[in-house]
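Trainee: Pasting target_7.txt here (compact mmCIF, C-alpha atoms):
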# COMPACT_ATOMS: atom_id res chain seq x y z
CA MET A 1011 -68.63 2.15 26.28
CA ALA A 1012 -67.17 2.61 29.74
CA GLY A 1013 -68.54 0.75 32.69
CA VAL A 1014 -70.02 2.30 35.82
CA LEU A 1015 -68.35 2.79 39.20
CA TYR A 1016 -70.98 2.15 41.86
CA ILE A 1017 -70.38 3.50 45.39
CA VAL A 1018 -72.34 1.00 47.48
CA ALA A 1019 -73.22 1.55 51.15
CA THR A 1020 -73.20 -1.66 53.21
CA PRO A 1021 -74.42 -2.49 56.74
CA ILE A 1022 -72.57 -1.07 59.75
CA GLY A 1023 -73.68 -3.96 61.92
CA GLY A 1024 -77.00 -5.67 61.29
CA LEU A 1025 -76.81 -7.46 57.93
CA GLU A 1026 -80.49 -6.70 57.26
CA ASP A 1027 -79.63 -3.02 56.85
CA ILE A 1028 -78.89 -3.24 53.14
CA THR A 1029 -81.07 -2.01 50.31
CA LEU A 1030 -82.55 -4.15 47.56
CA ARG A 1031 -80.78 -1.95 45.04
CA ALA A 1032 -77.42 -2.52 46.73
CA LEU A 1033 -77.93 -6.29 46.57
CA ARG A 1034 -78.80 -6.09 42.88
CA VAL A 1035 -75.74 -3.97 42.07
CA LEU A 1036 -73.45 -6.34 43.98
CA ARG A 1037 -74.89 -9.34 42.09
CA GLU A 1038 -74.49 -7.66 38.70
CA ALA A 1039 -71.09 -6.00 39.13
CA GLY A 1040 -68.14 -7.38 37.22
CA ALA A 1041 -66.06 -7.11 40.38
CA ILE A 1042 -66.36 -5.74 43.92
CA ALA A 1043 -63.56 -3.55 45.29
CA CYS A 1044 -63.40 -3.68 49.09
CA GLU A 1045 -61.17 -2.83 52.04
CA ASP A 1046 -61.00 -6.31 53.53
CA THR A 1047 -62.03 -9.16 51.25
CA ARG A 1048 -62.72 -11.40 54.25
CA GLN A 1049 -65.15 -8.89 55.76
CA THR A 1050 -66.98 -8.31 52.48
CA ARG A 1051 -67.24 -12.05 51.76
CA LYS A 1052 -69.22 -12.46 55.00
CA LEU A 1053 -71.85 -10.11 53.59
CA LEU A 1054 -71.77 -11.70 50.12
CA ASN A 1055 -72.03 -15.23 51.51
CA HIS A 1056 -74.97 -14.21 53.70
CA TYR A 1057 -76.91 -13.17 50.60
CA GLY A 1058 -75.58 -15.89 48.31
CA ILE A 1059 -73.66 -13.47 46.08
CA SER A 1060 -70.68 -14.89 44.19
CA ARG A 1061 -68.63 -12.18 42.51
CA PRO A 1062 -64.87 -11.55 42.22
CA VAL A 1063 -63.52 -9.34 45.01
CA LEU A 1064 -60.48 -7.07 44.87
CA SER A 1065 -58.73 -5.50 47.84
CA TYR A 1066 -58.77 -1.70 47.81
CA HIS A 1067 -57.35 -0.07 50.94
CA GLN A 1068 -55.12 2.82 52.02
CA HIS A 1069 -51.92 0.86 51.40
CA ASN A 1070 -52.62 -0.10 47.77
CA GLU A 1071 -55.07 2.66 46.82
CA ALA A 1072 -52.89 4.44 44.25
CA ALA A 1073 -51.94 1.33 42.29
CA ARG A 1074 -55.33 -0.35 42.58
CA ALA A 1075 -57.16 2.82 41.46
CA ALA A 1076 -55.27 2.76 38.16
CA GLU A 1077 -56.18 -0.91 37.66
CA LEU A 1078 -59.85 -0.24 38.38
CA ILE A 1079 -59.98 2.67 35.95
CA GLU A 1080 -58.49 0.46 33.24
CA ARG A 1081 -61.15 -2.19 33.82
CA LEU A 1082 -63.92 0.43 33.90
CA SER A 1083 -62.62 1.91 30.65
CA ARG A 1084 -62.98 -1.51 29.01
CA GLY A 1085 -66.68 -1.55 29.92
CA GLU A 1086 -66.65 -3.51 33.17
CA SER A 1087 -68.83 -2.17 35.99
CA ILE A 1088 -67.34 -2.21 39.50
CA ALA A 1089 -68.95 -1.85 42.92
CA LEU A 1090 -66.85 -0.09 45.55
CA VAL A 1091 -67.65 -0.93 49.17
CA SER A 1092 -66.03 -0.30 52.53
CA ASP A 1093 -65.95 -2.68 55.49
CA ALA A 1094 -69.07 -0.97 56.81
CA GLY A 1095 -71.20 2.04 55.96
CA THR A 1096 -70.83 4.47 53.09
CA PRO A 1097 -67.50 4.34 51.19
CA LEU A 1098 -65.19 7.38 51.28
CA VAL A 1099 -66.61 8.58 54.63
CA SER A 1100 -63.45 8.16 56.74
CA ASP A 1101 -62.58 5.28 54.38
CA PRO A 1102 -60.57 4.87 51.16
CA GLY A 1103 -62.11 5.53 47.74
CA TYR A 1104 -61.39 9.16 46.91
CA ARG A 1105 -58.60 8.37 44.43
CA VAL A 1106 -60.62 6.04 42.25
CA VAL A 1107 -63.71 8.29 42.32
CA ARG A 1108 -61.66 11.31 41.22
CA ALA A 1109 -59.88 9.27 38.54
CA ALA A 1110 -63.18 7.93 37.22
CA ILE A 1111 -64.68 11.43 37.00
CA GLU A 1112 -61.61 12.72 35.18
CA ALA A 1113 -61.81 9.78 32.74
CA GLY A 1114 -65.47 10.46 32.02
CA ILE A 1115 -66.62 7.25 33.70
CA PRO A 1116 -70.05 7.43 35.37
CA VAL A 1117 -69.94 7.36 39.20
CA VAL A 1118 -73.24 6.26 40.73
CA PRO A 1119 -73.95 6.32 44.48
CA VAL A 1120 -76.06 3.57 45.99
CA PRO A 1121 -77.05 5.13 49.34
CA GLY A 1122 -77.61 3.25 52.56
CA PRO A 1123 -76.21 2.86 56.10
CA SER A 1124 -74.09 5.59 57.66
CA ALA A 1125 -73.02 5.60 61.29
CA LEU A 1126 -72.89 9.38 61.56
CA LEU A 1127 -76.43 9.87 60.25
CA ALA A 1128 -77.86 7.04 62.33
CA ALA A 1129 -76.23 8.48 65.45
CA LEU A 1130 -77.42 12.01 64.68
CA ALA A 1131 -81.01 10.93 64.07
CA ALA A 1132 -81.30 9.21 67.46
CA SER A 1133 -79.06 11.55 69.46
CA GLY A 1134 -81.65 14.10 70.50
CA LEU A 1135 -79.31 16.90 69.42
CA GLY A 1136 -80.05 19.47 66.75
CA ALA A 1137 -80.04 17.85 63.30
CA ASP A 1138 -80.88 20.91 61.21
CA ALA A 1139 -77.17 21.65 60.80
CA PHE A 1140 -74.14 19.53 61.63
CA ARG A 1141 -70.44 19.23 60.89
CA PHE A 1142 -68.71 15.87 60.52
CA GLY A 1143 -65.01 15.91 61.43
CA GLY A 1144 -64.08 12.27 60.78
CA PHE A 1145 -61.70 10.79 63.32
CA LEU A 1146 -60.29 13.24 65.85
CA PRO A 1147 -56.47 13.49 65.84
CA ALA A 1148 -54.78 10.83 67.95
CA LYS A 1149 -52.24 13.29 69.38
CA ARG A 1150 -53.54 15.34 72.29
CA ASN A 1151 -52.34 18.79 71.18
CA ALA A 1152 -53.75 18.38 67.67
CA ARG A 1153 -57.03 17.06 69.07
CA ARG A 1154 -57.39 19.96 71.49
CA LYS A 1155 -56.63 22.48 68.75
CA MET A 1156 -59.33 20.99 66.53
CA LEU A 1157 -61.88 21.11 69.35
CA GLU A 1158 -61.00 24.72 70.10
CA ASP A 1159 -61.21 25.67 66.42
CA LEU A 1160 -64.68 24.10 66.12
CA ALA A 1161 -66.03 25.29 69.46
CA ASP A 1162 -67.86 28.27 67.97
CA GLN A 1163 -69.59 26.32 65.18
CA ASP A 1164 -73.33 26.93 65.22
CA CYS A 1165 -74.17 23.28 64.63
CA THR A 1166 -73.87 19.78 66.08
CA LEU A 1167 -70.34 18.38 65.85
CA ILE A 1168 -69.89 14.72 64.93
CA PHE A 1169 -66.70 12.64 65.14
CA TYR A 1170 -65.59 9.05 65.13
CA GLU A 1171 -63.35 8.07 68.04
CA ALA A 1172 -61.38 5.01 69.09
CA PRO A 1173 -62.39 3.27 72.35
CA HIS A 1174 -58.90 3.55 73.84
CA ARG A 1175 -58.91 7.35 73.38
CA ILE A 1176 -62.49 8.22 74.30
CA LEU A 1177 -61.77 9.02 77.98
CA GLU A 1178 -59.00 11.47 77.04
CA THR A 1179 -61.20 13.05 74.40
CA LEU A 1180 -64.11 13.51 76.81
CA ALA A 1181 -61.75 15.14 79.32
CA ASP A 1182 -60.63 17.59 76.62
CA ILE A 1183 -64.24 18.36 75.68
CA ASP A 1184 -65.14 18.99 79.31
CA GLU A 1185 -62.22 21.37 79.75
CA LEU A 1186 -62.42 23.20 76.42
CA LEU A 1187 -66.14 23.22 75.55
CA GLY A 1188 -67.76 23.15 78.97
CA ALA A 1189 -70.97 21.49 80.09
CA ARG A 1190 -72.78 21.39 76.77
CA PRO A 1191 -74.75 18.20 75.90
CA VAL A 1192 -72.73 15.28 74.52
CA VAL A 1193 -73.88 11.95 73.11
CA ILE A 1194 -71.91 8.74 72.65
CA ALA A 1195 -73.41 6.26 70.15
CA ARG A 1196 -71.67 2.91 70.48
CA GLU A 1197 -71.99 -0.28 68.42
CA LEU A 1198 -74.82 1.08 66.28
CA THR A 1199 -77.20 -1.56 64.84
CA LYS A 1200 -75.34 -4.32 66.70
CA ILE A 1201 -76.41 -6.46 69.66
CA HIS A 1202 -74.82 -4.14 72.21
CA GLU A 1203 -76.00 -0.85 70.68
CA GLU A 1204 -75.88 1.91 73.27
CA PHE A 1205 -76.50 5.64 73.60
CA LEU A 1206 -74.96 7.61 76.47
CA ARG A 1207 -76.26 11.15 76.94
CA GLY A 1208 -75.12 13.90 79.31
CA THR A 1209 -72.19 16.25 79.72
CA ALA A 1210 -68.71 15.10 78.74
CA ALA A 1211 -67.81 14.81 82.42
CA GLU A 1212 -70.88 12.68 83.20
CA ILE A 1213 -70.32 10.31 80.30
CA ARG A 1214 -66.61 10.05 81.06
CA ALA A 1215 -67.37 9.04 84.66
CA ALA A 1216 -69.79 6.36 83.46
CA LEU A 1217 -67.31 4.91 80.98
CA ALA A 1218 -64.36 5.11 83.37
CA ALA A 1219 -66.26 2.89 85.82
CA ARG A 1220 -66.37 0.05 83.28
CA PRO A 1221 -63.69 -2.66 83.19
CA ALA A 1222 -63.20 -2.06 79.45
CA ILE A 1223 -64.52 0.17 76.67
CA LYS A 1224 -65.08 -1.57 73.36
CA GLY A 1225 -66.86 -1.06 70.07
CA GLU A 1226 -67.21 1.50 67.31
CA ILE A 1227 -67.93 4.95 68.75
CA THR A 1228 -69.64 7.97 67.21
CA LEU A 1229 -69.26 11.12 69.30
CA LEU A 1230 -71.72 14.02 69.03
CA ILE A 1231 -71.36 17.44 70.68
CA ALA A 1232 -74.15 19.99 70.85
CA LYS A 1233 -73.53 23.53 69.68
CA GLY A 1234 -72.79 26.09 72.38
CA GLU A 1235 -75.99 27.57 73.77
CA ALA A 1236 -76.65 31.07 75.03
CA ALA A 1237 -75.54 31.66 78.58
CA VAL A 1238 -77.88 30.38 81.25
CA ASP A 1239 -76.38 32.68 83.85
CA PRO A 1240 -78.30 35.99 83.71
CA ALA A 1241 -75.22 37.96 84.77
CA PRO A 1242 -73.17 39.45 81.90
CA ALA A 1243 -70.02 37.49 81.16
CA GLY A 1244 -67.81 40.41 82.18
CA ASP A 1245 -69.51 40.63 85.59
CA ALA A 1246 -69.14 36.88 86.17
CA VAL A 1247 -65.43 37.02 85.35
CA ALA A 1248 -64.90 40.14 87.47
CA GLN A 1249 -66.61 38.52 90.44
CA LEU A 1250 -64.23 35.57 90.33
CA GLU A 1251 -61.26 37.92 90.00
CA ARG A 1252 -62.37 39.74 93.16
CA GLN A 1253 -62.26 36.35 94.89
CA GLY A 1254 -58.59 36.00 93.97
CA VAL A 1255 -58.98 33.91 90.83
CA SER A 1256 -56.64 34.86 87.98
CA ARG A 1257 -58.25 36.37 84.90
CA MET A 1258 -57.45 33.42 82.61
CA GLU A 1259 -58.74 30.93 85.18
CA ALA A 1260 -61.88 33.04 85.68
CA ILE A 1261 -62.52 33.04 81.93
CA LYS A 1262 -62.01 29.28 81.85
CA GLN A 1263 -64.48 28.69 84.69
CA VAL A 1264 -67.17 30.98 83.31
CA ALA A 1265 -66.82 29.52 79.80
CA LYS A 1266 -67.15 25.98 81.13
CA LYS A 1267 -70.23 26.84 83.18
CA ARG A 1268 -71.92 28.40 80.16
CA GLY A 1269 -70.95 25.63 77.77
CA ILE A 1270 -68.96 27.84 75.41
CA SER A 1271 -65.30 27.95 74.44
CA LYS A 1272 -62.78 30.15 76.23
CA ARG A 1273 -62.08 31.88 72.93
CA ASP A 1274 -65.77 32.69 72.40
CA LEU A 1275 -66.07 34.12 75.92
CA TYR A 1276 -62.92 36.16 75.45
CA ARG A 1277 -64.41 37.67 72.30
CA GLN A 1278 -67.54 38.57 74.24
CA LEU A 1279 -65.39 40.34 76.81
CA LEU A 1280 -63.57 42.29 74.13
CA LYS A 1281 -66.90 43.55 72.80
Show me the file's structure as structure tokens.
Mentor:
Amino acid sequence: MAGVLYIVATPIGGLEDITLRALRVLREAGAIACEDTRQTRKLLNHYGISRPVLSYHQHNEAARAAELIERLSRGESIALVSDAGTPLVSDPGYRVVRAAIEAGIPVVPVPGPSALLAALAASGLGADAFRFGGFLPAKRNARRKMLEDLADQDCTLIFYEAPHRILETLADIDELLGARPVVIARELTKIHEEFLRGTAAEIRAALAARPAIKGEITLLIAKGEAAVDPAPAGDAVAQLERQGVSRMEAIKQVAKKRGISKRDLYRQLLK
């Protein structure tokens, strides 16, 4: 009989945030496949778990997946973990999961910590519907295009972002999405856990005043709300045009004030 591939969620910071089931699976697995063996050994040593560990990361994923499937086919059970959180969520693991399913090998999730869900739960933003976009593109044009494409989504948007890019990203959000609520969740479950809430411009100003920005960052953006300004969008744009503002600049200003995308406002004007 084939073994079982367990997808095991591990702590994103505080080592106490692991389930009893996850600890049992890690103790009983024939081997543990992980991104960084050094990082995973810290967790295993903390709980006195001594099992063989195998590196499984983006650079060896294809070859290692084949090896894991062979071992699973021989009846060995394997636990797949990431450095932190739930495997496959912006982390490697897709190849071996797909290969296991195609080979008829059971794939069993062992749920637990997830940065995006922890951030959403404490954000104060709508949690009835959300869209997770992983890491935003590093290149500015690609990042801006993604933000514009998602601006009209009727749900909370969630991304991971690198500390060295967060100021640029917040500037793009301020320009493209306007003054809608934004939340930064930083270093979740760790000693320096922090939530920053406000508009993108307000949060950017607060972060820019710091000597350095460090830590894992989860970025949440509220969905665009209905216009607060009682004047119809067309009237607001026309008023700015009468003041000498170009039409495109007027659309940009009105969209930003109302917390909606320029594209969404333009569609309103066409109607």
Trainee: Find the residues near A:Ala1181: any atom within 10 Å, counting only C-alpha atoms, skip ones fewer than 2 places away on the same chain, and give them as number ranges by chain.
Mentor: A: 1176-1179, 1183-1187, 1210-1211, 1213-1215
Trainee: Quick one: residues within 9 Å of A:Gly1024, only C-alpha atoms, excluding same-chain residues fewer than 5 positions away - as a PyMOL selection string?
Mentor: chain A and resi 1198-1201
Trainee: Would you save the residues from that selection as a PDB file, in the frame of the given file, using C-alpha atoms?
Mentor:
ATOM      1  CA  LEU A1198     -74.820   1.080  66.280  1.00  0.00           C
ATOM      2  CA  THR A1199     -77.200  -1.560  64.840  1.00  0.00           C
ATOM      3  CA  LYS A1200     -75.340  -4.320  66.700  1.00  0.00           C
ATOM      4  CA  ILE A1201     -76.410  -6.460  69.660  1.00  0.00           C
TER       5      ILE A1201
END
Trainee: Measure the distance from atom CA of A:Pro1097 to atom CA of A:Asp1182 in Å and round it to one decimal.
Mentor: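 Going from atom CA of A:Pro1097 over to atom CA of A:Asp1182 covers 29.5 Å.
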Trainee: If I put a ball of radius 6 Å at (-71.4, 2.6, 60.8) in the file's coordinates, which residues poke into it when counting only C-alpha atoms, written as a list in words?
Mentor: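 Residues with an atom at most 6 Å from (-71.4, 2.6, 60.8): Ile1022, Ala1094, Gly1095, Ser1124 and Ala1125 of chain A.
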Trainee: Find the residues near stretch 1223-1236 of chain A: any atom within 6 Å, counting all atoms listed in the file, skip ones fewer than 3 places away on the same chain, and give them as a list in words.
Mentor: Asp1164, Cys1165, Thr1166, Leu1167, Ile1168, Phe1169, Tyr1170, Glu1171, Pro1173, Pro1191, Val1192, Val1193, Ile1194, Ala1195, Arg1196, Glu1197, Gly1269 and Ile1270 of chain A
